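One file, upload11.pdb, carrying PDB, C-alpha atoms and all ligand atoms:
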ATOM      1  CA  MET A  13     108.174  94.977 118.707  1.00  0.00           C
ATOM      2  CA  THR A  14     105.641  95.090 115.870  1.00  0.00           C
ATOM      3  CA  ASN A  15     106.027  93.020 112.747  1.00  0.00           C
ATOM      4  CA  LEU A  16     106.777  96.177 110.760  1.00  0.00           C
ATOM      5  CA  ASP A  17     109.386  97.185 113.339  1.00  0.00           C
ATOM      6  CA  LEU A  18     111.008  93.767 112.986  1.00  0.00           C
ATOM      7  CA  LEU A  19     110.971  94.001 109.185  1.00  0.00           C
ATOM      8  CA  GLY A  20     112.431  97.514 109.305  1.00  0.00           C
ATOM      9  CA  ARG A  21     115.173  96.219 111.569  1.00  0.00           C
ATOM     10  CA  VAL A  22     115.884  93.293 109.241  1.00  0.00           C
ATOM     11  CA  ALA A  23     116.155  95.699 106.280  1.00  0.00           C
ATOM     12  CA  TYR A  24     118.420  98.032 108.248  1.00  0.00           C
ATOM     13  CA  GLU A  25     120.649  95.207 109.417  1.00  0.00           C
ATOM     14  CA  ALA A  26     120.897  93.904 105.854  1.00  0.00           C
ATOM     15  CA  TYR A  27     122.096  97.381 104.872  1.00  0.00           C
ATOM     16  CA  LEU A  28     124.655  97.315 107.704  1.00  0.00           C
ATOM     17  CA  GLN A  29     125.871  93.914 106.618  1.00  0.00           C
ATOM     18  CA  MET A  30     126.169  95.020 102.995  1.00  0.00           C
ATOM     19  CA  THR A  31     128.078  98.193 103.855  1.00  0.00           C
ATOM     20  CA  GLY A  32     130.274  96.847 106.633  1.00  0.00           C
ATOM     21  CA  GLY A  33     128.234  98.843 109.149  1.00  0.00           C
ATOM     22  CA  ARG A  34     128.946 102.197 107.507  1.00  0.00           C
ATOM     23  CA  SER A  35     126.943 104.883 105.764  1.00  0.00           C
ATOM     24  CA  LEU A  36     127.526 104.704 102.029  1.00  0.00           C
ATOM     25  CA  ILE A  37     127.072 108.482 101.848  1.00  0.00           C
ATOM     26  CA  LEU A  38     129.340 109.726 104.626  1.00  0.00           C
ATOM     27  CA  GLY A  39     131.349 106.628 105.466  1.00  0.00           C
ATOM     28  CA  ASP A  40     130.498 106.980 109.146  1.00  0.00           C
ATOM     29  CA  LYS A  41     130.049 103.925 111.322  1.00  0.00           C
ATOM     30  CA  LEU A  42     126.332 103.408 111.825  1.00  0.00           C
ATOM     31  CA  PRO A  43     124.728 102.512 115.168  1.00  0.00           C
ATOM     32  CA  ASN A  44     122.819  99.307 115.738  1.00  0.00           C
ATOM     33  CA  TRP A  45     119.032  99.392 115.359  1.00  0.00           C
ATOM     34  CA  GLU A  46     118.233 100.237 118.995  1.00  0.00           C
ATOM     35  CA  ASP A  47     120.601 103.200 119.007  1.00  0.00           C
ATOM     36  CA  GLN A  48     119.577 104.546 115.600  1.00  0.00           C
ATOM     37  CA  ARG A  49     117.563 107.794 115.473  1.00  0.00           C
ATOM     38  CA  PRO A  50     113.786 107.246 115.647  1.00  0.00           C
ATOM     39  CA  ASP A  51     113.143 109.081 112.361  1.00  0.00           C
ATOM     40  CA  ILE A  52     115.662 106.874 110.567  1.00  0.00           C
ATOM     41  CA  ARG A  53     114.131 103.741 112.083  1.00  0.00           C
ATOM     42  CA  GLU A  54     110.763 104.991 110.874  1.00  0.00           C
ATOM     43  CA  ALA A  55     112.189 105.425 107.362  1.00  0.00           C
ATOM     44  CA  TRP A  56     113.425 101.806 107.413  1.00  0.00           C
ATOM     45  CA  ARG A  57     109.972 100.672 108.540  1.00  0.00           C
ATOM     46  CA  ALA A  58     108.566 102.475 105.499  1.00  0.00           C
ATOM     47  CA  VAL A  59     111.058 100.652 103.276  1.00  0.00           C
ATOM     48  CA  ALA A  60     110.001  97.325 104.762  1.00  0.00           C
ATOM     49  CA  ASP A  61     106.326  98.243 104.386  1.00  0.00           C
ATOM     50  CA  ALA A  62     106.796  98.989 100.678  1.00  0.00           C
ATOM     51  CA  VAL A  63     108.630  95.711 100.087  1.00  0.00           C
ATOM     52  CA  VAL A  64     105.943  93.752 101.947  1.00  0.00           C
ATOM     53  CA  MET A  65     103.253  95.489  99.913  1.00  0.00           C
ATOM     54  CA  MET A  66     104.936  94.441  96.662  1.00  0.00           C
ATOM     55  CA  ALA A  67     105.420  90.885  97.937  1.00  0.00           C
ATOM     56  CA  ASN A  68     101.733  90.729  98.897  1.00  0.00           C
ATOM     57  CA  ILE A  69     100.681  91.887  95.445  1.00  0.00           C
ATOM     58  CA  ARG A  70     102.787  89.148  93.868  1.00  0.00           C
ATOM     59  CA  TYR A  71     101.445  86.589  96.338  1.00  0.00           C
ATOM     60  CA  GLU A  72      97.860  87.556  95.527  1.00  0.00           C
ATOM     61  CA  ARG A  73      98.598  87.177  91.812  1.00  0.00           C
ATOM     62  CA  LEU A  74     100.051  83.739  92.494  1.00  0.00           C
ATOM     63  CA  GLN A  75      96.984  82.815  94.559  1.00  0.00           C
ATOM     64  CA  ASN A  76      94.701  83.908  91.722  1.00  0.00           C
ATOM     65  CA  VAL A  77      96.517  81.758  89.184  1.00  0.00           C
ATOM     66  CA  ALA A  78      96.668  78.814  91.599  1.00  0.00           C
ATOM     67  CA  SER A  79      92.923  79.049  92.257  1.00  0.00           C
ATOM     68  CA  GLU A  80      92.317  78.256  88.580  1.00  0.00           C
ATOM     69  CA  PHE A  81      93.970  74.852  89.021  1.00  0.00           C
ATOM     70  CA  VAL A  82      92.537  73.727  92.366  1.00  0.00           C
ATOM     71  CA  ASP A  83      89.730  71.198  92.609  1.00  0.00           C
ATOM     72  CA  ASN A  84      87.590  70.293  95.627  1.00  0.00           C
ATOM     73  CA  ASP A  85      88.189  66.567  95.410  1.00  0.00           C
ATOM     74  CA  ALA A  86      89.393  65.140  98.716  1.00  0.00           C
ATOM     75  CA  CYS A  87      92.900  63.738  98.906  1.00  0.00           C
ATOM     76  CA  ARG A  88      92.927  59.976  99.516  1.00  0.00           C
ATOM     77  CA  TYR A  89      96.357  58.776 100.625  1.00  0.00           C
ATOM     78  CA  ASP A  90      97.382  55.168 100.332  1.00  0.00           C
ATOM     79  CA  HIS A  91      99.716  53.301 102.726  1.00  0.00           C
ATOM     80  CA  ASN A  92     102.707  54.908 100.981  1.00  0.00           C
ATOM     81  CA  ASP A  93     101.322  58.436 101.566  1.00  0.00           C
ATOM     82  CA  TYR A  94     100.620  58.766  97.874  1.00  0.00           C
ATOM     83  CA  CYS A  95      97.453  60.691  96.970  1.00  0.00           C
ATOM     84  CA  GLN A  96      95.300  58.464  94.800  1.00  0.00           C
ATOM     85  CA  THR A  97      93.089  61.412  93.837  1.00  0.00           C
ATOM     86  CA  HIS A  98      95.780  63.720  92.506  1.00  0.00           C
ATOM     87  CA  TYR A  99      98.715  61.343  92.068  1.00  0.00           C
ATOM     88  CA  GLY A 100     101.250  63.041  94.299  1.00  0.00           C
ATOM     89  CA  GLN A 101     103.247  62.307  97.463  1.00  0.00           C
ATOM     90  CA  LYS A 102     101.768  63.617 100.754  1.00  0.00           C
ATOM     91  CA  PRO A 103     101.028  66.469 100.990  1.00  0.00           C
ATOM     92  CA  CYS A 104     100.111  66.279  97.339  1.00  0.00           C
ATOM     93  CA  HIS A 105     100.394  69.280  95.048  1.00  0.00           C
ATOM     94  CA  MET A 106      96.635  69.913  95.269  1.00  0.00           C
ATOM     95  CA  ALA A 107      96.727  70.053  99.069  1.00  0.00           C
ATOM     96  CA  ARG A 108      99.667  72.469  98.886  1.00  0.00           C
ATOM     97  CA  LEU A 109      97.866  74.642  96.349  1.00  0.00           C
ATOM     98  CA  ARG A 110      94.810  74.816  98.636  1.00  0.00           C
ATOM     99  CA  LYS A 111      97.018  75.993 101.492  1.00  0.00           C
ATOM    100  CA  LEU A 112      98.614  78.584  99.255  1.00  0.00           C
ATOM    101  CA  ILE A 113      95.213  79.941  98.272  1.00  0.00           C
ATOM    102  CA  GLU A 114      93.998  79.925 101.868  1.00  0.00           C
ATOM    103  CA  ASN A 115      97.201  81.806 102.854  1.00  0.00           C
ATOM    104  CA  GLU A 116      98.248  79.208 105.399  1.00  0.00           C
TER     105      GLU A 116
HETATM  106 ZN    ZN B 201      95.609  65.069  96.754  1.00  0.00          ZN
END
Output the file's structure as C-alpha cells, nothing else.
Amino acid sequence: MTNLDLLGRVAYEAYLQMTGGRSLILGDKLPNWEDQRPDIREAWRAVADAVVMMANIRYERLQNVASEFVDNDACRYDHNDYCQTHYGQKPCHMARLRKLIENE
C-alpha cells in the first residue's frame, strides 16, 4: 500500500464515519475501502493528494518563517536539561525549530 493509497483510505473512512457508512447522495450503504470500485478509490487518492499538497505548502511557509529565527549556536544543556544558550528546556525551542526547518 502506497502512502497515497493509505491517505486516500483514511479520507474515505473519515467520510464513512461522518455519514454512518452511507452515500450522502443516494443513501446507499457504502463498501469498505478494499471492496470499493477502483475508480472511486482513485478519486479518494486524488482528494488526499490535494490535501497533502496544501498541507505541504503551509508547512513550507512555516519553515520559511522559522528559518528567520534560527541561529547556529550550539545548544549547551546543564544538569537540569536546560539550554544555557537559548534558555529553554531540552529540547529547547531552537533545537525544535532546526528540526522543523530540516523537515525531521
Ligand atoms: Zn538550545
Per-residue nearest contacts of chain A to ligand ZN 201 (chain B) (8 Å; all atoms listed in the file) as JSON lines:
{"residue": "A:Asp85", "atom": "CA", "partner": "B:ZN201", "partner_atom": "ZN", "distance": 7.7}
{"residue": "A:Ala86", "atom": "CA", "partner": "B:ZN201", "partner_atom": "ZN", "distance": 6.5}
{"residue": "A:Cys87", "atom": "CA", "partner": "B:ZN201", "partner_atom": "ZN", "distance": 3.7}
{"residue": "A:Arg88", "atom": "CA", "partner": "B:ZN201", "partner_atom": "ZN", "distance": 6.4}
{"residue": "A:Tyr89", "atom": "CA", "partner": "B:ZN201", "partner_atom": "ZN", "distance": 7.4}
{"residue": "A:Cys95", "atom": "CA", "partner": "B:ZN201", "partner_atom": "ZN", "distance": 4.8}
{"residue": "A:Gln96", "atom": "CA", "partner": "B:ZN201", "partner_atom": "ZN", "distance": 6.9}
{"residue": "A:Thr97", "atom": "CA", "partner": "B:ZN201", "partner_atom": "ZN", "distance": 5.3}
{"residue": "A:His98", "atom": "CA", "partner": "B:ZN201", "partner_atom": "ZN", "distance": 4.5}
{"residue": "A:Tyr99", "atom": "CA", "partner": "B:ZN201", "partner_atom": "ZN", "distance": 6.7}
{"residue": "A:Gly100", "atom": "CA", "partner": "B:ZN201", "partner_atom": "ZN", "distance": 6.5}
{"residue": "A:Lys102", "atom": "CA", "partner": "B:ZN201", "partner_atom": "ZN", "distance": 7.5}
{"residue": "A:Pro103", "atom": "CA", "partner": "B:ZN201", "partner_atom": "ZN", "distance": 7.0}
{"residue": "A:Cys104", "atom": "CA", "partner": "B:ZN201", "partner_atom": "ZN", "distance": 4.7}
{"residue": "A:His105", "atom": "CA", "partner": "B:ZN201", "partner_atom": "ZN", "distance": 6.6}
{"residue": "A:Met106", "atom": "CA", "partner": "B:ZN201", "partner_atom": "ZN", "distance": 5.2}
{"residue": "A:Ala107", "atom": "CA", "partner": "B:ZN201", "partner_atom": "ZN", "distance": 5.6}
Expected answer as a list of chain:residue names: all residues with atoms within 7 Å of (98.4, 77.6, 94.7), only C-alpha atoms: A:Leu74, A:Gln75, A:Ala78, A:Ser79, A:Arg108, A:Leu109, A:Arg110, A:Leu112, A:Ile113
Residue members of the PyMOL selection byres (((chain A and resi 45) around 8) and not hetatm) in the file shown, as a list of chain:residue names: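 Residues picked by the PyMOL selection byres (((chain A and resi 45) around 8) and not hetatm): A:Arg21, A:Tyr24, A:Glu25, A:Pro43, A:Asn44, A:Glu46, A:Asp47, A:Gln48, A:Arg53.
Each of A:Gly33, A:Glu114, A:Glu54, A:Ile69 was checked against Val82 (chain A) using all atoms listed in the file; the smallest atom-to-atom distance is that of A:Glu114.
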Option closest in space to Ile52 (chain A), from A:Asp93, A:Ala23, A:Gly39, A:Thr14 [counting only C-alpha atoms]: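 Of the candidates, the smallest distance to Ile52 (chain A) is held by A:Ala23.
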Residue among A:Ala55, A:Met30, A:Leu38, A:Ala60 lying closest to Leu18 (chain A), counting all atoms listed in the file: A:Ala60
For CA of Arg73 (chain A) and CA of Met13 (chain A), the interatomic separation in Å (one decimal): 29.6 Å
Which residue of A:Val77, A:Val59, A:Ala67, A:Leu42 approaches Leu19 (chain A) most closely, using only C-alpha atoms: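 Looking only at the distances to Leu19 (chain A), the closest residue turns out to be A:Val59.
Going from CA of Asn115 (chain A) over to CA of Ala62 (chain A), you cover 19.8 Å.
For the atom pair formed by CA of Gln101 (chain A) and CA of Asp83 (chain A), the distance is 16.9 Å, given to one decimal.
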Need the axis-aligned box for region 92-103 of chain A with 8 Å each side, so what are the centre and edges in Å to one decimal, as lines of an AutoDock Vina configuration file?
center_x = 98.2
center_y = 60.7
center_z = 96.8
size_x = 26.2
size_y = 27.6
size_z = 25.5
Can you fill out region 21-44 of chain A with N, CA and C atoms and hand it back as a PDB file, in the frame of the given file?
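part-v2.pdb written:
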ATOM      1  N   ARG A  21     113.879  96.577 110.979  1.00  0.00           N
ATOM      2  CA  ARG A  21     115.173  96.219 111.569  1.00  0.00           C
ATOM      3  C   ARG A  21     115.937  95.253 110.664  1.00  0.00           C
ATOM      4  N   VAL A  22     115.236  94.265 110.135  1.00  0.00           N
ATOM      5  CA  VAL A  22     115.884  93.293 109.241  1.00  0.00           C
ATOM      6  C   VAL A  22     116.453  94.015 108.019  1.00  0.00           C
ATOM      7  N   ALA A  23     115.681  94.942 107.448  1.00  0.00           N
ATOM      8  CA  ALA A  23     116.155  95.699 106.280  1.00  0.00           C
ATOM      9  C   ALA A  23     117.382  96.532 106.652  1.00  0.00           C
ATOM     10  N   TYR A  24     117.304  97.201 107.802  1.00  0.00           N
ATOM     11  CA  TYR A  24     118.420  98.032 108.248  1.00  0.00           C
ATOM     12  C   TYR A  24     119.669  97.185 108.485  1.00  0.00           C
ATOM     13  N   GLU A  25     119.497  96.067 109.129  1.00  0.00           N
ATOM     14  CA  GLU A  25     120.649  95.207 109.417  1.00  0.00           C
ATOM     15  C   GLU A  25     121.222  94.591 108.141  1.00  0.00           C
ATOM     16  N   ALA A  26     120.385  94.373 107.151  1.00  0.00           N
ATOM     17  CA  ALA A  26     120.897  93.904 105.854  1.00  0.00           C
ATOM     18  C   ALA A  26     121.757  95.007 105.221  1.00  0.00           C
ATOM     19  N   TYR A  27     121.302  96.243 105.365  1.00  0.00           N
ATOM     20  CA  TYR A  27     122.096  97.381 104.872  1.00  0.00           C
ATOM     21  C   TYR A  27     123.444  97.430 105.597  1.00  0.00           C
ATOM     22  N   LEU A  28     123.405  97.294 106.921  1.00  0.00           N
ATOM     23  CA  LEU A  28     124.655  97.315 107.704  1.00  0.00           C
ATOM     24  C   LEU A  28     125.602  96.206 107.258  1.00  0.00           C
ATOM     25  N   GLN A  29     125.044  95.044 107.028  1.00  0.00           N
ATOM     26  CA  GLN A  29     125.871  93.914 106.618  1.00  0.00           C
ATOM     27  C   GLN A  29     126.491  94.172 105.251  1.00  0.00           C
ATOM     28  N   MET A  30     125.697  94.759 104.360  1.00  0.00           N
ATOM     29  CA  MET A  30     126.169  95.020 102.995  1.00  0.00           C
ATOM     30  C   MET A  30     127.256  96.090 102.959  1.00  0.00           C
ATOM     31  N   THR A  31     127.158  97.051 103.887  1.00  0.00           N
ATOM     32  CA  THR A  31     128.078  98.193 103.855  1.00  0.00           C
ATOM     33  C   THR A  31     129.196  98.100 104.882  1.00  0.00           C
ATOM     34  N   GLY A  32     129.267  96.964 105.585  1.00  0.00           N
ATOM     35  CA  GLY A  32     130.274  96.847 106.633  1.00  0.00           C
ATOM     36  C   GLY A  32     129.949  97.737 107.817  1.00  0.00           C
ATOM     37  N   GLY A  33     128.660  98.043 107.999  1.00  0.00           N
ATOM     38  CA  GLY A  33     128.234  98.843 109.149  1.00  0.00           C
ATOM     39  C   GLY A  33     128.465 100.329 108.980  1.00  0.00           C
ATOM     40  N   ARG A  34     128.664 100.776 107.749  1.00  0.00           N
ATOM     41  CA  ARG A  34     128.946 102.197 107.507  1.00  0.00           C
ATOM     42  C   ARG A  34     127.946 102.810 106.546  1.00  0.00           C
ATOM     43  N   SER A  35     127.771 104.131 106.693  1.00  0.00           N
ATOM     44  CA  SER A  35     126.943 104.883 105.764  1.00  0.00           C
ATOM     45  C   SER A  35     127.650 104.938 104.416  1.00  0.00           C
ATOM     46  N   LEU A  36     126.920 104.620 103.361  1.00  0.00           N
ATOM     47  CA  LEU A  36     127.526 104.704 102.029  1.00  0.00           C
ATOM     48  C   LEU A  36     127.682 106.149 101.574  1.00  0.00           C
ATOM     49  N   ILE A  37     126.994 107.069 102.229  1.00  0.00           N
ATOM     50  CA  ILE A  37     127.072 108.482 101.848  1.00  0.00           C
ATOM     51  C   ILE A  37     128.245 109.166 102.542  1.00  0.00           C
ATOM     52  N   LEU A  38     128.315 109.017 103.860  1.00  0.00           N
ATOM     53  CA  LEU A  38     129.340 109.726 104.626  1.00  0.00           C
ATOM     54  C   LEU A  38     130.508 108.847 105.071  1.00  0.00           C
ATOM     55  N   GLY A  39     130.295 107.540 105.026  1.00  0.00           N
ATOM     56  CA  GLY A  39     131.349 106.628 105.466  1.00  0.00           C
ATOM     57  C   GLY A  39     131.409 106.432 106.959  1.00  0.00           C
ATOM     58  N   ASP A  40     130.505 107.089 107.684  1.00  0.00           N
ATOM     59  CA  ASP A  40     130.498 106.980 109.146  1.00  0.00           C
ATOM     60  C   ASP A  40     130.017 105.608 109.591  1.00  0.00           C
ATOM     61  N   LYS A  41     130.553 105.164 110.741  1.00  0.00           N
ATOM     62  CA  LYS A  41     130.049 103.925 111.322  1.00  0.00           C
ATOM     63  C   LYS A  41     128.626 104.182 111.789  1.00  0.00           C
ATOM     64  N   LEU A  42     127.735 103.253 111.461  1.00  0.00           N
ATOM     65  CA  LEU A  42     126.332 103.408 111.825  1.00  0.00           C
ATOM     66  C   LEU A  42     126.021 102.651 113.116  1.00  0.00           C
ATOM     67  N   PRO A  43     125.097 103.197 113.926  1.00  0.00           N
ATOM     68  CA  PRO A  43     124.728 102.512 115.168  1.00  0.00           C
ATOM     69  C   PRO A  43     123.861 101.292 114.892  1.00  0.00           C
ATOM     70  N   ASN A  44     123.748 100.422 115.900  1.00  0.00           N
ATOM     71  CA  ASN A  44     122.819  99.307 115.738  1.00  0.00           C
ATOM     72  C   ASN A  44     121.383  99.848 115.788  1.00  0.00           C
TER      73      ASN A  44
END
